[in-house]
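*Asks:* Take a look at the following structure, please.
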Amino acid sequence: GDEIGRTLAHPITNILGFPMKRFKDADGEQPFIEVLEVANKEGKGWKKYNYMGRGQDQPRMKNTYFVKVPGKNVIVCAGYYE
């Protein structure tokens, strides 16, 4: 199907429902296209990308781990900054 990876839970509530395939990092790349593809194919993985957060004057490298929930159309992501 046309999986867009909508955000179901996040501490920043204004991005709930956001289609993560449209997210662009600080370099203009769309890292969650690969996250969705790898999660659906392999079940889990890591993705690194430059993220420009609110109030930051320059981007920081973010490492995100993701895993697809078995039997569900849900991918859980958690990340940290270098």
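Here, A, B, ... name the chains of the structure tokens in the order displayed, residue numbers run from 1 inside each chain, and ligands are numbered from 1 in the same displayed order.
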Give the strand (DSSP E) residues of segment 1-74 of chain A, as DSSP finds them on the backbone, and put them as number ranges by chain.
*Replies:* A: 44-51, 60-68
*Asks:* Those same residues - N, CA, C and O atoms - I'd like them written as an mmCIF file, in the first residue's frame.
*Replies:*
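The resulting file, part_16.cif, is reproduced below:
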```cif
data_model
loop_
_atom_site.group_PDB
_atom_site.id
_atom_site.type_symbol
_atom_site.label_atom_id
_atom_site.label_comp_id
_atom_site.auth_asym_id
_atom_site.auth_seq_id
_atom_site.Cartn_x
_atom_site.Cartn_y
_atom_site.Cartn_z
ATOM 1 N N LYS A 44 13.941 -4.002 11.452
ATOM 2 C CA LYS A 44 14.583 -3.071 12.381
ATOM 3 C C LYS A 44 15.841 -2.501 11.752
ATOM 4 O O LYS A 44 16.319 -2.997 10.725
ATOM 5 N N GLY A 45 16.392 -1.474 12.396
ATOM 6 C CA GLY A 45 17.634 -0.896 11.916
ATOM 7 C C GLY A 45 17.947 0.432 12.585
ATOM 8 O O GLY A 45 17.268 0.857 13.520
ATOM 9 N N TRP A 46 19.004 1.062 12.092
ATOM 10 C CA TRP A 46 19.456 2.367 12.568
ATOM 11 C C TRP A 46 19.506 3.340 11.402
ATOM 12 O O TRP A 46 19.831 2.948 10.283
ATOM 13 N N LYS A 47 19.230 4.615 11.662
ATOM 14 C CA LYS A 47 19.356 5.670 10.652
ATOM 15 C C LYS A 47 19.967 6.900 11.307
ATOM 16 O O LYS A 47 19.552 7.305 12.384
ATOM 17 N N LYS A 48 20.977 7.476 10.637
ATOM 18 C CA LYS A 48 21.613 8.712 11.098
ATOM 19 C C LYS A 48 21.226 9.834 10.147
ATOM 20 O O LYS A 48 21.182 9.639 8.941
ATOM 21 N N TYR A 49 20.962 11.012 10.710
ATOM 22 C CA TYR A 49 20.646 12.178 9.883
ATOM 23 C C TYR A 49 20.895 13.452 10.687
ATOM 24 O O TYR A 49 20.907 13.429 11.921
ATOM 25 N N ASN A 50 21.118 14.549 9.996
ATOM 26 C CA ASN A 50 21.310 15.848 10.628
ATOM 27 C C ASN A 50 19.961 16.470 10.923
ATOM 28 O O ASN A 50 19.118 16.592 10.038
ATOM 29 N N TYR A 51 19.760 16.883 12.169
ATOM 30 C CA TYR A 51 18.476 17.431 12.586
ATOM 31 C C TYR A 51 18.665 18.839 13.133
ATOM 32 O O TYR A 51 19.534 19.078 13.966
ATOM 33 N N ARG A 60 22.388 19.035 14.465
ATOM 34 C CA ARG A 60 23.119 18.010 15.215
ATOM 35 C C ARG A 60 22.811 16.655 14.592
ATOM 36 O O ARG A 60 21.721 16.423 14.085
ATOM 37 N N MET A 61 23.808 15.762 14.655
ATOM 38 C CA MET A 61 23.620 14.407 14.136
ATOM 39 C C MET A 61 22.710 13.642 15.096
ATOM 40 O O MET A 61 22.940 13.621 16.300
ATOM 41 N N LYS A 62 21.667 13.030 14.537
ATOM 42 C CA LYS A 62 20.744 12.227 15.332
ATOM 43 C C LYS A 62 20.826 10.782 14.857
ATOM 44 O O LYS A 62 20.871 10.512 13.668
ATOM 45 N N ASN A 63 20.875 9.877 15.794
ATOM 46 C CA ASN A 63 20.882 8.432 15.547
ATOM 47 C C ASN A 63 19.527 7.902 15.984
ATOM 48 O O ASN A 63 19.147 8.065 17.141
ATOM 49 N N THR A 64 18.805 7.280 15.078
ATOM 50 C CA THR A 64 17.481 6.763 15.386
ATOM 51 C C THR A 64 17.441 5.255 15.176
ATOM 52 O O THR A 64 17.831 4.764 14.127
ATOM 53 N N TYR A 65 16.996 4.540 16.205
ATOM 54 C CA TYR A 65 16.773 3.099 16.109
ATOM 55 C C TYR A 65 15.290 2.898 15.835
ATOM 56 O O TYR A 65 14.445 3.592 16.392
ATOM 57 N N PHE A 66 14.986 1.956 14.965
ATOM 58 C CA PHE A 66 13.586 1.688 14.644
ATOM 59 C C PHE A 66 13.345 0.191 14.583
ATOM 60 O O PHE A 66 14.238 -0.589 14.257
ATOM 61 N N VAL A 67 12.127 -0.197 14.927
ATOM 62 C CA VAL A 67 11.729 -1.606 14.897
ATOM 63 C C VAL A 67 10.244 -1.677 14.531
ATOM 64 O O VAL A 67 9.444 -0.881 15.015
ATOM 65 N N LYS A 68 9.917 -2.605 13.662
ATOM 66 C CA LYS A 68 8.518 -2.826 13.296
ATOM 67 C C LYS A 68 7.906 -3.774 14.311
ATOM 68 O O LYS A 68 8.483 -4.813 14.639
#
```
*Asks:* If you run DSSP on the backbone here, which positions in chain A get alpha helix (DSSP H)? Please write them as a list in words.
*Replies:*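 Put together, the selection reads Pro31, Phe32, Ile33, Glu34, Val35, Leu36, Glu37, Val38, Ala39, Asn40, Lys41 and Glu42 of chain A.
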*Asks:* Can you write out the residues you just picked, keeping C-alpha atoms, as a PDB file, in the first residue's frame?
*Replies:*
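Result written to out_2.pdb:
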```pdb
ATOM      1  CA  PRO A  31      15.568   9.829   6.030  1.00  0.00           C
ATOM      2  CA  PHE A  32      12.244   8.252   6.952  1.00  0.00           C
ATOM      3  CA  ILE A  33      11.662   6.968   3.440  1.00  0.00           C
ATOM      4  CA  GLU A  34      14.573   4.586   4.099  1.00  0.00           C
ATOM      5  CA  VAL A  35      13.400   3.910   7.671  1.00  0.00           C
ATOM      6  CA  LEU A  36       9.989   2.783   6.399  1.00  0.00           C
ATOM      7  CA  GLU A  37      11.497   0.642   3.625  1.00  0.00           C
ATOM      8  CA  VAL A  38      14.053  -1.089   5.874  1.00  0.00           C
ATOM      9  CA  ALA A  39      11.575  -1.612   8.725  1.00  0.00           C
ATOM     10  CA  ASN A  40       9.064  -3.233   6.386  1.00  0.00           C
ATOM     11  CA  LYS A  41      11.736  -5.421   4.769  1.00  0.00           C
ATOM     12  CA  GLU A  42      14.123  -6.283   7.611  1.00  0.00           C
TER      13      GLU A  42
END
```
*Asks:* Leaving out segment 13-20 of chain A and any residue of its chain fewer than 2 positions from it, which residues lie within 10 Å of it when counting only C-alpha atoms, given as a PyMOL selection string?
*Replies:* chain A and resi 3-11+22-24+30-33+35-36
